[in-house]
Structures are given as C-alpha cells and as structure tokens.
Amino acid sequence: MLLAAVCLGGCGSKDEGSNEKTAKQGGDTLVVGTYGGKYDEAFMKAVIKKFTAETGVEVVLDPSYSYAKLAGEGKNPSVDLALMDDIQVAQGKDADVFLPLDLTKLPNTKDLYKGAVDPTGLGVSIQWGRLGLVYRTDKIKEKPTSWQDLWKDEYKGHVTINTLQGTSGLQVLCMAARLNGGDDAHLDPGWTAMKQLAANCKAIAQSTSNLTDMLTTGEVWIAPWWDGRAYALVDEGVPVDFVVPKEGAFNTNVEMIITKYSKNQEMAYKFLNAMLDAKAQAEMSSIIHYGPVNKDAKLDDQLAKQVVYGPEQAKALIICDWNILAPIKSDLSAKFDKEVAPLVGKNLN
C-alpha cells in the first residue's frame, strides 16, 4: 500500500523527476534509485545521515528510477543501487544488469528472516508489507474476513481492483484463481472470477494515488490494498481499516539490488548492509509502516500490531510463483486490458 506510493508496481510508485546529481555516480557519491515519498524520508532519517557521517560519501536519491530504465542503460547505469519489486528481480535475472550478491559482504543478512534474500541471489528485501483488504469503516459495519468478500453483491459499485501493470493486480488474479480451484500455473478460473468482479466495480485503479483518492472520498468502500498505505490513511483521519483475509495476505516485497556495472560496488555493499541493520530497520518501519526483515528489530507495541512482525507472520505471507508469472507478465496485462477492464460497471445499471 506503499506509503510511498506503492505498489507497488507492486507496491512502489515513482515520484516524477530525477535528481540532477545522478551524473556524479562513482567516487565520493552513491546514487540510489528509489520509490520516492516515505521511502526517501525513511532512508534519509534511518540510514543516510549516519552513513554519510561515517564514510564521507554523499548519497543521492533518484525517485524516478525504474527497472525499465536500468535495463535500457545496460552497462552504463546511472545508479549504484535501486529498489525493485520481487517480480522485477525475477524478470531481470537474465538481463545482465543485477549484481549477484556476495553475502560475505553483507554480514547483516545473517540476522534476516528466512526468505529475505531473493532466491535468485540478486536482491535483498529491505521491508515486508502485506496486500490484503482495506475497507471504509463508516460504510461497511461488519469487518470483511475473506478475499471472497470483494464479490459480495452488497458492495456492488463500491469496489475497485488494480491493473496488472503492478504486482498487486497479479496477486489478486492469483487469489481469484486459488479461490476457484486454480493456482498460479492455472489461471483460467481466476480470469472468469475477475470478469465477474470487474462488472461489479466502480473503476479500475490506474495508480496508487488514484485508489487513495477513491478511498478518501468514499467512492470505494473495499479494495485490495497494502497494510502500510492503509495505516497511512488512518493517520490522515480517513475512516479505513486493514484486514488480513482468512486465506492469507500476499507478501509485498521491496528489494534492494546493486547494479552489476556500478562504479562504486564496495561502497554500495556497505550502504545495503547499513540498511539491513536492526536499528535502521526499526526506524524505517516506523516511517514506512512496513515490517522489518531483520528479526532483531524492535518495534513498539502499536506498530508491531500493524506491520509484518515476528517469524510466524513472516512465514504466513503468500508468495506468488514469479518463475511462472514473470515471463508472461506483459501477456497477462494485455489480456486484462482487453478482456477484464472493458467489463467495469456492466452490472451497475
């Protein structure tokens, strides 16, 4: 639910514009591709100030960065590290742009929850969120309990779903398949269910900010959403709450990668290791409202109740099979745009 705009893509959304200092990559400057917003605030407060004081290295954040840009830059990346959704890491594992990580240079990885290091060995999770359900507490009096509640007739015209451009839309498709006898490799039951859901929807959410607006105005009463973004709305006074459905919530996995052709790889390792420190993880969680991946991070009681925290919650997260889905993502998105999106609102008259 990105607190910075997530979701992103999966959970992350990019702020417009790039930092003109990115040309200084190398030497005494480290350039990091980010999601902007709360992420940049968290990085600055929890990591960058201390890192620069200890190393003398200036850290420049580029909130405009994306996987597409990295792939296009090839052997001349404008960043040393970058945030990526887990599906993007899976998509790019053969693209020769991510550095295979040497974990001996990341000693803090020994303190991370199992699964925090990407199975490709190309990225490390820096925070974990959950994709579950958000609902307006002033519109829906009985708290939703299941993903199936999205299809309830009583919510007709007040539901929205995401496009398949980002991770969250794919996760909802996978859940729709699972609820109807399919799975990540057999999505046909999910497509049927998604078409039924679209017909009951108010709209397709085209972006994180778009859905934020619809939840804030009350146009949308219930939707798939991220825990961190839901609690950010609560902090702003919007009457919403977040639900982990009984079937489980999906892992919103924000990873950091080091670019294979970075001119400053050793310092990039030091920066990434600093991000995985238990104290830095706890402080980032307090700002982003996502859960720490370092099992030694200590959170206050209120925050611990809101985010993914502890081995049992980390273990319970649902992870899609990106090995199956990543190679066909563009095809799935095209199918959604052609067959599902045009059905929005068809049952509302």
# chains A, B, ... in the order shown; residues from 1 in each chain; ligands from 1
>>> residues_around(residues="A:Leu30", least_positions_apart="2", cutoff="12 Å", atoms="only C-alpha atoms", output="PyMOL selection string")
chain A and resi 21-28+32-33+48+51-52+55-62+78-82+258-259+262-272
>>> select_by_dssp(residues="stretch 169-349 of chain A", states="strand (DSSP E or B)", output="list in words")
Asp183, His186, Ala203, Ile204, Ala205, Ile222, Ala223, Pro224, Trp225, Trp226, Val240, Asp241, Phe242, Val243, Phe250, Asn251, Thr252, Asn253, Val254, Glu255, Met256, Ile257, Ile258, Thr259, Gly291, Asn294 and Ile318 of chain A
>>> write_last_selection(atoms="C-alpha atoms", output="PDB file, in the first residue's frame")
ATOM      1  CA  ASP A 183      -3.376 -21.786  -8.960  1.00  0.00           C
ATOM      2  CA  HIS A 186      -3.659 -22.475 -13.923  1.00  0.00           C
ATOM      3  CA  ALA A 203     -13.497   1.567 -11.554  1.00  0.00           C
ATOM      4  CA  ILE A 204     -10.087   0.130 -12.278  1.00  0.00           C
ATOM      5  CA  ALA A 205      -7.446   1.812 -10.129  1.00  0.00           C
ATOM      6  CA  ILE A 222     -13.437  -2.055  -0.200  1.00  0.00           C
ATOM      7  CA  ALA A 223     -10.391  -2.939  -2.274  1.00  0.00           C
ATOM      8  CA  PRO A 224      -7.173  -4.953  -2.323  1.00  0.00           C
ATOM      9  CA  TRP A 225      -4.615  -2.701  -0.597  1.00  0.00           C
ATOM     10  CA  TRP A 226      -1.369  -2.634   1.316  1.00  0.00           C
ATOM     11  CA  VAL A 240     -10.460   2.897   6.946  1.00  0.00           C
ATOM     12  CA  ASP A 241      -9.027  -0.283   8.401  1.00  0.00           C
ATOM     13  CA  PHE A 242      -6.841  -3.089   7.059  1.00  0.00           C
ATOM     14  CA  VAL A 243      -7.743  -6.776   7.091  1.00  0.00           C
ATOM     15  CA  PHE A 250       0.367 -11.550  -0.083  1.00  0.00           C
ATOM     16  CA  ASN A 251       3.938 -10.529   0.543  1.00  0.00           C
ATOM     17  CA  THR A 252       4.651  -7.010  -0.673  1.00  0.00           C
ATOM     18  CA  ASN A 253       8.362  -7.479  -1.122  1.00  0.00           C
ATOM     19  CA  VAL A 254      10.519  -4.414  -1.671  1.00  0.00           C
ATOM     20  CA  GLU A 255      14.090  -5.402  -2.515  1.00  0.00           C
ATOM     21  CA  MET A 256      17.358  -3.555  -2.989  1.00  0.00           C
ATOM     22  CA  ILE A 257      19.725  -4.581  -5.750  1.00  0.00           C
ATOM     23  CA  ILE A 258      23.233  -3.458  -6.655  1.00  0.00           C
ATOM     24  CA  THR A 259      23.716  -2.676 -10.320  1.00  0.00           C
ATOM     25  CA  GLY A 291       7.611  -4.704   8.575  1.00  0.00           C
ATOM     26  CA  ASN A 294      15.787  -8.096  10.416  1.00  0.00           C
ATOM     27  CA  ILE A 318       1.744 -15.725   0.478  1.00  0.00           C
TER      28      ILE A 318
END
>>> closest_residue(among="A:Gly157, A:Gly129, A:Gly36, A:Pro342", to="A:Tyr309", atoms="only C-alpha atoms")
A:Gly129
>>> residues_around(residues="stretch 95-106 of chain A", least_positions_apart="3", cutoff="6 Å", atoms="only C-alpha atoms", output="list in words")
Gly92, Thr109, Gly121, Leu122, Ile258, Thr259, Lys260 and Asn273 of chain A
>>> residues_around(residues="A:Met214", least_positions_apart="6", cutoff="10 Å", atoms="only C-alpha atoms", output="list of chain:residue names")
A:His158, A:Val159, A:Thr160, A:Lys202, A:Ala203, A:Ala205, A:Val220, A:Trp221
>>> write_last_selection(atoms="C-alpha atoms", output="short mmCIF file (atom, residue, chain, number, x, y, z; two decimals), in the first residue's frame")
data_model
loop_
_atom_site.label_atom_id
_atom_site.label_comp_id
_atom_site.auth_asym_id
_atom_site.auth_seq_id
_atom_site.Cartn_x
_atom_site.Cartn_y
_atom_site.Cartn_z
CA HIS A 158 -18.09 0.44 -4.45
CA VAL A 159 -15.26 -1.97 -5.23
CA THR A 160 -12.15 -1.41 -7.28
CA LYS A 202 -16.74 1.26 -9.59
CA ALA A 203 -13.50 1.57 -11.55
CA ALA A 205 -7.45 1.81 -10.13
CA VAL A 220 -14.68 2.97 -2.94
CA TRP A 221 -15.64 1.02 0.16
#
>>> atom_distance(atom1="atom CA of A:Leu348", atom2="atom CA of A:Leu332")
25.8 Å
>>> atom_distance(atom1="atom CA of A:Lys279", atom2="atom CA of A:Gly37")
20.9 Å
>>> closest_residue(among="A:Phe43, A:Trp322, A:Tyr113, A:Tyr231", to="A:Lys305", atoms="only C-alpha atoms")
A:Tyr231
>>> select_by_dssp(residues="stretch 185-348 of chain A", states="alpha helix (DSSP H)", output="ChimeraX atom specification")
/A:188-199,208-217,227-235,265-275,278-288,301-306,311-316,322-325,329-335
>>> closest_residue(among="A:Leu317, A:Leu112, A:Leu70, A:Leu83", to="A:Gly248", atoms="only C-alpha atoms")
A:Leu317
>>> atom_distance(atom1="atom CA of A:Thr145", atom2="atom CA of A:Leu325")
27.0 Å
>>> closest_residue(among="A:Ser125, A:Ser64, A:Ser207, A:Asn162", to="A:Met84", atoms="only C-alpha atoms")
A:Ser125
>>> closest_residue(among="A:Gly182, A:Pro63, A:Pro245, A:Pro239", to="A:Leu131", atoms="only C-alpha atoms")
A:Pro245
>>> closest_residue(among="A:Gly345, A:Pro292, A:Gly123, A:Gly228", to="A:Ala199", atoms="only C-alpha atoms")
A:Gly345
>>> residues_around(residues="A:Ala278", least_positions_apart="4", cutoff="7 Å", atoms="only C-alpha atoms", output="CSV table (one decimal) with N, CA and C atoms, in the first residue's frame")
chain,number,residue,atom,x,y,z
A,282,ALA,N,14.1,-0.9,12.2
A,282,ALA,CA,13.0,-0.5,13.1
A,282,ALA,C,12.6,1.0,12.8
A,294,ASN,N,14.8,-7.7,9.4
A,294,ASN,CA,15.8,-8.1,10.4
A,294,ASN,C,15.0,-8.6,11.7
A,296,ASP,N,15.9,-9.0,14.6
A,296,ASP,CA,16.3,-8.4,15.8
A,296,ASP,C,15.8,-7.0,16.0
A,297,ALA,N,15.1,-6.5,14.9
A,297,ALA,CA,14.5,-5.1,15.0
A,297,ALA,C,13.4,-5.1,16.1
